[in-house]
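File shown: model_12.cif (mmCIF, C-alpha atoms and all ligand atoms).
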```cif
data_work
loop_
_atom_site.label_atom_id
_atom_site.label_comp_id
_atom_site.auth_asym_id
_atom_site.auth_seq_id
_atom_site.Cartn_x
_atom_site.Cartn_y
_atom_site.Cartn_z
CA MET A 30 168.29 46.49 3.98
CA PRO A 31 169.18 43.38 2.04
CA PHE A 32 171.60 43.12 -0.82
CA PRO A 33 171.17 43.37 -3.81
CA THR A 34 168.09 45.60 -3.47
CA HIS A 35 170.25 47.98 -1.52
CA ARG A 36 173.74 48.84 -2.60
CA SER A 37 175.41 51.49 -0.44
CA ARG A 38 177.99 52.06 -3.12
CA ARG A 39 175.38 53.68 -5.38
CA LEU A 40 175.56 56.70 -3.09
CA ARG A 41 179.33 56.80 -3.60
CA LYS A 42 179.16 56.41 -7.36
CA ASN A 43 180.86 59.68 -8.28
CA PRO A 44 181.98 62.98 -6.75
CA ALA A 45 178.75 64.80 -7.65
CA ILE A 46 176.58 62.25 -5.89
CA LEU A 47 178.98 62.13 -2.98
CA ARG A 48 178.66 65.89 -2.59
CA MET A 49 174.88 65.67 -2.83
CA VAL A 50 174.53 63.26 0.08
CA GLU A 51 177.32 64.72 2.19
CA GLU A 52 176.05 65.06 5.77
CA THR A 53 178.65 67.39 7.23
CA SER A 54 180.64 70.21 5.74
CA LEU A 55 183.35 72.54 6.86
CA SER A 56 183.07 76.21 6.03
CA VAL A 57 185.54 79.00 6.51
CA ASN A 58 182.83 80.58 8.69
CA ASP A 59 183.43 77.86 11.28
CA LEU A 60 187.08 78.76 11.85
CA ILE A 61 188.61 80.79 14.66
CA TYR A 62 192.31 81.63 14.41
CA PRO A 63 194.39 81.83 17.63
CA VAL A 64 197.07 84.53 17.69
CA PHE A 65 199.87 85.12 20.21
CA VAL A 66 200.81 88.73 20.81
CA CYS A 67 203.85 90.07 22.64
CA GLU A 68 205.58 93.36 23.41
CA GLY A 69 208.23 94.92 21.20
CA GLU A 70 208.52 95.88 17.58
CA GLY A 71 209.30 93.84 14.54
CA VAL A 72 208.96 90.65 16.56
CA LYS A 73 207.90 87.51 14.71
CA THR A 74 209.26 84.54 16.62
CA GLU A 75 208.37 81.04 15.58
CA ILE A 76 207.34 78.72 18.39
CA GLY A 77 209.72 75.77 18.46
CA SER A 78 207.09 73.13 19.07
CA MET A 79 204.57 74.75 16.71
CA PRO A 80 206.25 75.28 13.33
CA GLY A 81 204.36 77.89 11.32
CA ILE A 82 202.92 79.60 14.42
CA PHE A 83 204.50 82.77 15.78
CA ARG A 84 204.52 85.25 18.61
CA PHE A 85 203.89 88.63 17.03
CA SER A 86 204.50 92.15 18.24
CA LEU A 87 201.51 94.34 17.44
CA ASP A 88 202.96 95.77 14.23
CA GLN A 89 203.64 92.25 12.90
CA MET A 90 200.32 90.88 14.13
CA VAL A 91 198.17 93.15 11.96
CA PRO A 92 199.34 91.75 8.59
CA ASP A 93 198.89 88.20 9.88
CA VAL A 94 195.34 88.90 11.04
CA LYS A 95 194.69 90.77 7.81
CA GLU A 96 195.76 87.69 5.87
CA ALA A 97 193.29 85.58 7.87
CA ALA A 98 190.55 88.14 7.18
CA ASP A 99 191.33 88.18 3.47
CA LEU A 100 190.98 84.40 3.44
CA GLY A 101 187.51 84.78 4.94
CA VAL A 102 188.33 83.64 8.48
CA PRO A 103 185.71 85.49 10.54
CA ALA A 104 187.32 85.50 13.98
CA VAL A 105 190.58 85.52 15.91
CA ILE A 106 191.23 84.68 19.54
CA LEU A 107 194.07 86.56 21.20
CA PHE A 108 196.58 85.33 23.77
CA GLY A 109 198.91 87.83 25.39
CA ILE A 110 202.49 87.36 26.46
CA PRO A 111 203.38 90.28 28.72
CA ASP A 112 206.91 91.46 29.49
CA LYS A 113 206.25 91.56 33.22
CA LYS A 114 204.67 88.80 35.25
CA ASP A 115 203.83 88.98 38.94
CA ALA A 116 201.93 87.02 41.58
CA VAL A 117 198.59 88.70 40.83
CA GLY A 118 198.87 88.91 37.04
CA SER A 119 198.59 92.71 36.99
CA GLU A 120 199.19 93.00 33.26
CA ALA A 121 196.12 90.84 32.58
CA TYR A 122 193.73 93.62 33.60
CA ASN A 123 195.87 96.61 32.70
CA PRO A 124 193.62 98.69 30.39
CA ASP A 125 196.76 99.29 28.33
CA GLY A 126 198.01 95.71 28.47
CA ILE A 127 199.21 93.80 25.46
CA VAL A 128 195.87 92.17 24.59
CA GLN A 129 193.88 95.34 25.18
CA ARG A 130 196.14 97.20 22.75
CA ALA A 131 196.00 94.31 20.28
CA VAL A 132 192.19 94.41 20.28
CA ARG A 133 192.17 98.15 19.58
CA LYS A 134 194.67 97.71 16.81
CA ILE A 135 192.73 94.97 15.06
CA LYS A 136 189.42 96.77 15.42
CA ALA A 137 190.96 99.92 13.91
CA ALA A 138 192.59 98.09 10.99
CA ILE A 139 189.99 95.38 10.28
CA PRO A 140 186.67 96.43 11.84
CA ASP A 141 184.76 93.39 10.60
CA MET A 142 187.06 90.86 12.21
CA ILE A 143 185.43 89.30 15.25
CA VAL A 144 187.86 89.63 18.12
CA ILE A 145 187.72 87.08 20.91
CA THR A 146 189.95 87.40 23.96
CA ASP A 147 191.13 84.63 26.23
CA VAL A 148 190.32 85.58 29.80
CA CYS A 149 192.74 83.85 32.16
CA ILE A 150 195.65 85.09 34.21
CA ASP A 151 198.10 82.20 33.75
CA GLU A 152 200.11 83.97 31.05
CA TYR A 153 200.47 86.94 33.39
CA THR A 154 201.33 85.29 36.71
CA ASP A 155 204.88 84.45 37.75
CA HIS A 156 203.67 81.14 39.21
CA GLY A 157 201.85 80.23 35.97
CA HIS A 158 198.54 79.29 37.59
CA CYS A 159 195.11 80.44 36.43
CA GLY A 160 194.16 81.81 39.84
CA LEU A 161 195.61 83.65 42.81
CA VAL A 162 197.81 81.42 44.94
CA GLU A 163 198.01 81.20 48.73
CA ASP A 164 200.04 78.56 50.56
CA GLY A 165 200.21 76.48 47.40
CA LYS A 166 196.43 76.58 46.92
CA ILE A 167 194.63 78.14 43.97
CA LEU A 168 192.04 80.54 45.38
CA ASN A 169 188.66 80.62 43.67
CA ASP A 170 186.57 83.59 44.79
CA PRO A 171 189.31 86.26 44.96
CA THR A 172 190.31 85.29 41.42
CA LEU A 173 186.81 86.07 40.12
CA GLU A 174 187.25 89.79 40.66
CA LEU A 175 190.42 89.83 38.60
CA LEU A 176 188.81 87.85 35.79
CA ALA A 177 185.82 90.19 35.75
CA GLU A 178 188.11 93.18 35.57
CA MET A 179 190.18 91.57 32.83
CA ALA A 180 187.06 90.84 30.76
CA GLN A 181 185.85 94.38 31.27
CA THR A 182 189.10 95.89 29.98
CA HIS A 183 188.88 93.62 26.93
CA ALA A 184 185.31 94.70 26.24
CA GLN A 185 186.31 98.32 26.71
CA ALA A 186 189.05 97.87 24.13
CA GLY A 187 186.44 96.57 21.68
CA ALA A 188 186.46 92.79 22.06
CA ASP A 189 183.31 91.22 20.63
CA ILE A 190 183.55 88.04 22.68
CA VAL A 191 185.37 87.25 25.92
CA ALA A 192 186.36 83.67 26.57
CA PRO A 193 187.16 82.67 30.15
CA SER A 194 189.54 79.69 30.16
CA ASP A 195 190.51 79.62 33.84
CA MET A 196 187.97 77.05 35.14
CA MET A 197 187.30 78.89 38.40
CA ASP A 198 183.77 78.28 39.68
CA GLY A 199 181.38 81.17 39.13
CA ARG A 200 183.53 83.08 36.68
CA VAL A 201 180.94 83.29 33.93
CA GLY A 202 178.44 84.86 36.33
CA ALA A 203 181.02 87.27 37.71
CA ILE A 204 182.07 88.33 34.22
CA ARG A 205 178.48 88.67 32.96
CA GLN A 206 177.61 90.87 35.91
CA ALA A 207 180.68 93.07 35.52
CA LEU A 208 180.07 93.49 31.79
CA ASP A 209 176.41 94.34 32.27
CA GLN A 210 177.16 96.84 34.99
CA SER A 211 179.68 98.66 32.84
CA GLY A 212 177.45 98.94 29.78
CA PHE A 213 178.78 95.95 27.85
CA ASP A 214 175.59 93.94 27.79
CA GLU A 215 176.21 93.20 24.11
CA THR A 216 179.59 91.56 24.66
CA LEU A 217 179.29 87.81 24.25
CA ILE A 218 180.75 85.17 26.53
CA LEU A 219 182.26 82.02 25.05
CA ALA A 220 182.93 79.86 28.09
CA TYR A 221 185.65 77.25 28.09
CA SER A 222 183.15 75.06 29.94
CA ALA A 223 184.55 71.58 29.52
CA LYS A 224 188.25 72.26 29.70
CA TYR A 225 190.27 69.20 30.58
CA ALA A 226 193.60 68.96 32.40
CA SER A 227 195.35 67.82 29.26
CA ALA A 228 198.87 67.01 28.11
CA TYR A 229 197.82 68.37 24.72
CA TYR A 230 198.46 71.93 25.94
CA GLY A 231 202.24 71.37 26.10
CA PRO A 232 203.25 73.41 23.02
CA PHE A 233 200.91 76.28 24.00
CA ARG A 234 202.68 76.57 27.31
CA GLU A 235 205.95 76.99 25.45
CA ALA A 236 204.32 79.61 23.21
CA ALA A 237 202.80 81.56 26.09
CA ASP A 238 205.50 80.71 28.62
CA SER A 239 202.71 79.71 30.99
CA SER A 240 203.66 76.36 32.55
CA PRO A 241 202.72 76.20 36.21
CA LYS A 242 205.85 76.59 38.32
CA PHE A 243 204.56 74.15 40.93
CA GLY A 244 201.93 71.44 40.87
CA ASP A 245 199.52 71.09 37.97
CA ARG A 246 196.07 72.29 36.97
CA SER A 247 194.15 69.24 38.19
CA THR A 248 192.37 71.13 41.00
CA TYR A 249 190.58 73.33 38.49
CA GLN A 250 190.68 71.78 35.02
CA MET A 251 188.61 68.65 34.44
CA ASP A 252 189.65 65.03 34.86
CA PRO A 253 189.93 63.35 31.42
CA ALA A 254 188.02 60.40 32.90
CA ASN A 255 184.80 62.41 33.24
CA SER A 256 181.94 62.98 30.85
CA ASP A 257 178.80 63.60 32.96
CA GLU A 258 180.72 66.32 34.74
CA ALA A 259 181.19 68.13 31.42
CA ILE A 260 177.43 68.35 31.06
CA ARG A 261 177.13 69.83 34.54
CA GLU A 262 179.85 72.39 33.78
CA VAL A 263 178.14 73.41 30.54
CA LEU A 264 174.71 73.74 32.18
CA GLN A 265 176.14 75.83 34.97
CA ASP A 266 177.94 78.17 32.56
CA ILE A 267 174.77 78.64 30.51
CA GLU A 268 172.83 79.41 33.66
CA GLU A 269 175.44 82.02 34.57
CA GLY A 270 175.11 83.68 31.17
CA ALA A 271 177.38 81.96 28.66
CA ASP A 272 176.26 82.52 25.06
CA MET A 273 178.45 79.75 23.66
CA VAL A 274 180.35 76.93 25.27
CA MET A 275 183.60 75.22 24.43
CA VAL A 276 185.00 71.73 24.70
CA LYS A 277 188.79 71.56 24.91
CA PRO A 278 190.82 69.74 23.64
CA ALA A 279 188.87 68.49 20.64
CA LEU A 280 190.18 65.19 19.30
CA ALA A 281 190.46 63.09 22.43
CA TYR A 282 187.11 64.59 23.49
CA LEU A 283 184.93 64.19 20.41
CA ASP A 284 182.46 62.22 22.55
CA ILE A 285 182.11 65.22 24.85
CA ILE A 286 181.45 67.52 21.89
CA TYR A 287 178.83 65.07 20.68
CA ARG A 288 177.11 64.83 24.07
CA VAL A 289 177.07 68.57 24.66
CA ARG A 290 175.64 69.17 21.23
CA ARG A 291 172.99 66.46 21.61
CA GLU A 292 171.94 67.15 25.17
CA ILE A 293 172.18 70.92 25.35
CA ASN A 294 170.86 73.43 22.89
CA VAL A 295 173.59 76.04 22.63
CA PRO A 296 176.32 76.84 20.07
CA VAL A 297 179.34 74.60 20.71
CA ALA A 298 182.94 75.48 19.98
CA ALA A 299 185.84 73.05 20.11
CA TYR A 300 189.50 73.88 20.54
CA ASN A 301 191.82 71.93 18.27
CA VAL A 302 194.68 72.65 20.67
CA SER A 303 198.41 73.15 20.32
CA GLY A 304 199.38 69.52 20.91
CA GLU A 305 196.92 68.37 18.27
CA TYR A 306 198.50 70.85 15.87
CA SER A 307 202.05 69.78 16.69
CA LEU A 308 201.36 66.07 16.28
CA ILE A 309 200.02 66.59 12.78
CA VAL A 310 202.78 69.00 11.78
CA ALA A 311 205.53 66.72 13.09
CA ALA A 312 204.16 63.63 11.40
CA SER A 313 203.68 65.45 8.11
CA GLN A 314 207.18 66.94 8.27
CA ASN A 315 208.43 63.38 8.46
CA GLY A 316 206.39 62.48 5.43
CA TRP A 317 204.35 60.01 7.47
CA VAL A 318 200.94 61.53 6.74
CA ASP A 319 199.46 63.74 4.03
CA ARG A 320 199.31 67.12 5.72
CA GLU A 321 196.45 68.70 3.80
CA ARG A 322 194.22 65.65 3.87
CA ILE A 323 194.78 64.99 7.53
CA ILE A 324 194.07 68.60 8.48
CA MET A 325 190.82 68.69 6.56
CA GLU A 326 189.71 65.28 7.85
CA THR A 327 190.49 66.31 11.41
CA LEU A 328 188.52 69.54 11.19
CA LEU A 329 185.62 67.78 9.51
CA SER A 330 185.54 65.19 12.31
CA ILE A 331 185.20 67.97 14.88
CA ARG A 332 182.30 69.42 12.90
CA ARG A 333 180.71 65.98 12.56
CA ALA A 334 180.93 65.44 16.31
CA GLY A 335 178.79 68.54 16.71
CA ALA A 336 180.97 71.63 17.04
CA LYS A 337 179.91 74.65 15.01
CA MET A 338 183.04 76.67 15.70
CA ILE A 339 186.59 75.34 15.66
CA LEU A 340 189.51 77.17 17.21
CA THR A 341 192.47 75.95 15.20
CA TYR A 342 196.04 76.94 14.40
CA PHE A 343 195.29 75.51 10.95
CA ALA A 344 192.63 78.19 10.30
CA LYS A 345 194.50 80.04 7.54
CA GLU A 346 195.72 76.86 5.90
CA ALA A 347 192.25 75.28 5.96
CA ALA A 348 190.72 78.50 4.60
CA LYS A 349 193.11 78.32 1.64
CA VAL A 350 192.14 74.72 0.92
CA LEU A 351 188.43 75.55 1.16
CA ALA A 352 188.88 78.49 -1.22
CA ARG A 353 190.72 76.29 -3.72
CA ARG A 354 187.99 73.65 -3.52
CA ARG A 355 185.37 76.27 -4.37
CA GLU A 356 187.20 77.35 -7.51
C1 LIG A 401 194.88 79.19 29.51
C2 LIG A 401 194.84 78.50 28.19
C3 LIG A 401 195.57 77.39 27.78
C4 LIG A 401 195.21 77.12 26.46
C5 LIG A 401 194.28 78.08 26.10
N1 LIG A 401 194.04 78.91 27.18
C6 LIG A 401 196.64 76.64 28.47
C7 LIG A 401 196.39 75.92 29.71
O1 LIG A 401 195.27 75.74 30.21
O2 LIG A 401 197.41 75.49 30.24
C8 LIG A 401 195.75 76.02 25.63
C9 LIG A 401 195.55 76.14 24.16
C10 LIG A 401 196.35 75.19 23.35
O3 LIG A 401 196.96 74.24 23.85
O4 LIG A 401 196.38 75.39 22.13
N2 LIG A 401 195.04 80.57 29.38
#
```

Please, can you express the file's structure as structure tokens?
Ligand code: PBG
Amino acid sequence: MPFPTHRSRRLRKNPAILRMVEETSLSVNDLIYPVFVCEGEGVKTEIGSMPGIFRFSLDQMVPDVKEAADLGVPAVILFGIPDKKDAVGSEAYNPDGIVQRAVRKIKAAIPDMIVITDVCIDEYTDHGHCGLVEDGKILNDPTLELLAEMAQTHAQAGADIVAPSDMMDGRVGAIRQALDQSGFDETLILAYSAKYASAYYGPFREAADSSPKFGDRSTYQMDPANSDEAIREVLQDIEEGADMVMVKPALAYLDIIYRVRREINVPVAAYNVSGEYSLIVAASQNGWVDRERIIMETLLSIRRAGAKMILTYFAKEAAKVLARRRE
């Protein structure tokens, strides 16, 4: 395409033309807002490493979720912080546990809000691992039963989508089977399929008090060096019954999002995780970057890579910007 016959800048001539040829867009419909819920009343505690993000008791959570709904954010994903932790994560599958009650509360107050629940026991175990532990090893198969039970109690409470984030083998199949057998064949599964063992989860672990007390998660979460393996994980989860798959984290893994989207025909979600949030917030608090522009550019890049849905702590803020741009 030789110059001067072709001038790329003609397509960038003014904002109207730019909008006309825009290839990717971000909509409020793409956003999923993560919410931390804890026991107690009147609790709204800011997370030190995540300014602007809080742990809410149920009474405080409802107005926050309502605000997201009023901004047009279609979905929330809930993370529970129980008062009691034990070796088997009992509170995770307590039908009256913190997340189960949170789901009921949201569904009663804001019926149209899509409620997604994180299915993983690490926030509920005293050792902080995502599976049962024996002699320092993370057990796979015995953990599946607990995950299935946890998902079932979430569905029973009214969750629309359950999202297993534990990375045990076979968990999607175990959860699908348990849901189907208990009459929840309409509950969707969003599988954290390509979940990497990432340093970007640091601030979340402060928020959920879920750091492993020994070792790390490298025997179940994926090695950041691997890409083909992500495709295998995704295919396996789809075969076991996942309706949607997730890549996590998002920014250091945009190539994985792109591959999954290109190679496999299924809705892809990406998790713009806690560390990605904190980096942007810290840099903008220092005045080093333009907060609004960098948030919107980041979210757009995740969409461009191929994710339809984005789990992001910036959901409410981005929704406000999108609403303003529409005015
Ligand atoms: C596990 C879980 C984690 C995150 C979501 N689900 C933490 C982990 O694997 O250690 C991290 C999310 C984030 O960093 O924002 N229940």

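Between CA of Gly335 in chain A and CA of Phe233 in chain A lies a distance of 24.5 Å.
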
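For the residues A:Leu328, A:Ile150, A:Lys166, A:Lys136, ranking by smallest atom-to-atom distance to Tyr342 in chain A using all atoms listed in the file places A:Leu328 first.
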
Chain A residues near ligand LIG 401 (chain A) within 9 Å, closest pair each, using all atoms listed in the file, as JSON lines:
```
{"residue": "A:Pro63", "atom": "CA", "partner": "A:LIG401", "partner_atom": "O4", "distance": 8.1}
{"residue": "A:Phe108", "atom": "CA", "partner": "A:LIG401", "partner_atom": "N2", "distance": 7.5}
{"residue": "A:Asp147", "atom": "CA", "partner": "A:LIG401", "partner_atom": "N2", "distance": 6.5}
{"residue": "A:Val148", "atom": "CA", "partner": "A:LIG401", "partner_atom": "N2", "distance": 6.9}
{"residue": "A:Cys149", "atom": "CA", "partner": "A:LIG401", "partner_atom": "N2", "distance": 4.9}
{"residue": "A:Ile150", "atom": "CA", "partner": "A:LIG401", "partner_atom": "N2", "distance": 6.6}
{"residue": "A:Asp151", "atom": "CA", "partner": "A:LIG401", "partner_atom": "N2", "distance": 5.6}
{"residue": "A:Glu152", "atom": "CA", "partner": "A:LIG401", "partner_atom": "N2", "distance": 6.3}
{"residue": "A:Gly157", "atom": "CA", "partner": "A:LIG401", "partner_atom": "O2", "distance": 8.7}
{"residue": "A:His158", "atom": "CA", "partner": "A:LIG401", "partner_atom": "O2", "distance": 8.4}
{"residue": "A:Cys159", "atom": "CA", "partner": "A:LIG401", "partner_atom": "C1", "distance": 7.0}
{"residue": "A:Pro193", "atom": "CA", "partner": "A:LIG401", "partner_atom": "N2", "distance": 8.2}
{"residue": "A:Ser194", "atom": "CA", "partner": "A:LIG401", "partner_atom": "C1", "distance": 5.4}
{"residue": "A:Asp195", "atom": "CA", "partner": "A:LIG401", "partner_atom": "C1", "distance": 6.2}
{"residue": "A:Met196", "atom": "CA", "partner": "A:LIG401", "partner_atom": "O1", "distance": 8.9}
{"residue": "A:Tyr221", "atom": "CA", "partner": "A:LIG401", "partner_atom": "N1", "distance": 8.6}
{"residue": "A:Lys224", "atom": "CA", "partner": "A:LIG401", "partner_atom": "O1", "distance": 7.9}
{"residue": "A:Tyr225", "atom": "CA", "partner": "A:LIG401", "partner_atom": "O1", "distance": 8.2}
{"residue": "A:Ala226", "atom": "CA", "partner": "A:LIG401", "partner_atom": "O1", "distance": 7.3}
{"residue": "A:Ser227", "atom": "CA", "partner": "A:LIG401", "partner_atom": "O1", "distance": 8.0}
{"residue": "A:Ala228", "atom": "CA", "partner": "A:LIG401", "partner_atom": "O3", "distance": 8.6}
{"residue": "A:Tyr229", "atom": "CA", "partner": "A:LIG401", "partner_atom": "O3", "distance": 6.0}
{"residue": "A:Tyr230", "atom": "CA", "partner": "A:LIG401", "partner_atom": "O3", "distance": 3.5}
{"residue": "A:Gly231", "atom": "CA", "partner": "A:LIG401", "partner_atom": "O3", "distance": 6.4}
{"residue": "A:Pro232", "atom": "CA", "partner": "A:LIG401", "partner_atom": "O3", "distance": 6.4}
{"residue": "A:Phe233", "atom": "CA", "partner": "A:LIG401", "partner_atom": "O3", "distance": 4.4}
{"residue": "A:Arg234", "atom": "CA", "partner": "A:LIG401", "partner_atom": "O2", "distance": 6.1}
{"residue": "A:Ala237", "atom": "CA", "partner": "A:LIG401", "partner_atom": "C6", "distance": 8.2}
{"residue": "A:Ser239", "atom": "CA", "partner": "A:LIG401", "partner_atom": "O2", "distance": 6.8}
{"residue": "A:Ser240", "atom": "CA", "partner": "A:LIG401", "partner_atom": "O2", "distance": 6.7}
{"residue": "A:Pro241", "atom": "CA", "partner": "A:LIG401", "partner_atom": "O2", "distance": 8.0}
{"residue": "A:Arg246", "atom": "CA", "partner": "A:LIG401", "partner_atom": "O2", "distance": 7.6}
{"residue": "A:Gln250", "atom": "CA", "partner": "A:LIG401", "partner_atom": "O1", "distance": 7.7}
{"residue": "A:Lys277", "atom": "CA", "partner": "A:LIG401", "partner_atom": "C9", "distance": 8.2}
{"residue": "A:Pro278", "atom": "CA", "partner": "A:LIG401", "partner_atom": "O3", "distance": 7.6}
{"residue": "A:Tyr300", "atom": "CA", "partner": "A:LIG401", "partner_atom": "O4", "distance": 7.2}
{"residue": "A:Asn301", "atom": "CA", "partner": "A:LIG401", "partner_atom": "O4", "distance": 6.9}
{"residue": "A:Val302", "atom": "CA", "partner": "A:LIG401", "partner_atom": "O4", "distance": 3.5}
{"residue": "A:Ser303", "atom": "CA", "partner": "A:LIG401", "partner_atom": "O4", "distance": 3.5}
{"residue": "A:Gly304", "atom": "CA", "partner": "A:LIG401", "partner_atom": "O3", "distance": 6.1}
{"residue": "A:Glu305", "atom": "CA", "partner": "A:LIG401", "partner_atom": "O4", "distance": 8.0}
{"residue": "A:Tyr306", "atom": "CA", "partner": "A:LIG401", "partner_atom": "O4", "distance": 8.0}
{"residue": "A:Leu340", "atom": "CA", "partner": "A:LIG401", "partner_atom": "O4", "distance": 8.6}
{"residue": "A:Thr341", "atom": "CA", "partner": "A:LIG401", "partner_atom": "O4", "distance": 8.0}
{"residue": "A:Tyr342", "atom": "CA", "partner": "A:LIG401", "partner_atom": "O4", "distance": 7.9}
```

Taking a cut-off of 12 Å and counting only C-alpha atoms, can you build a table that, for each residue of range 165-199 of chain A near range 109-118 of chain A, reports the nearest atom pair and how far apart they are in Å (one decimal), sorted by chain then residue number, as a tab-separated table?
```
residue	atom	partner	partner_atom	distance
A:Ile167	CA	A:Val117	CA	11.7
A:Leu168	CA	A:Val117	CA	11.4
A:Pro171	CA	A:Val117	CA	10.4
A:Thr172	CA	A:Val117	CA	9.0
A:Glu174	CA	A:Val117	CA	11.4
A:Leu175	CA	A:Val117	CA	8.5
A:Leu176	CA	A:Gly118	CA	10.2
A:Glu178	CA	A:Gly118	CA	11.7
A:Met179	CA	A:Gly118	CA	10.0
A:His183	CA	A:Gly109	CA	11.7
```

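With all atoms listed in the file as the atoms that count, the residue of A:Glu215, A:Glu163, A:Glu326, A:Asp170 with the shortest distance to Ala188 in chain A is A:Glu215.
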
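For the choices A:Thr154, A:Ala334, A:Ile339, A:Lys345, the atom-to-atom distance to Lys242 in chain A is smallest for A:Thr154 when using all atoms listed in the file.
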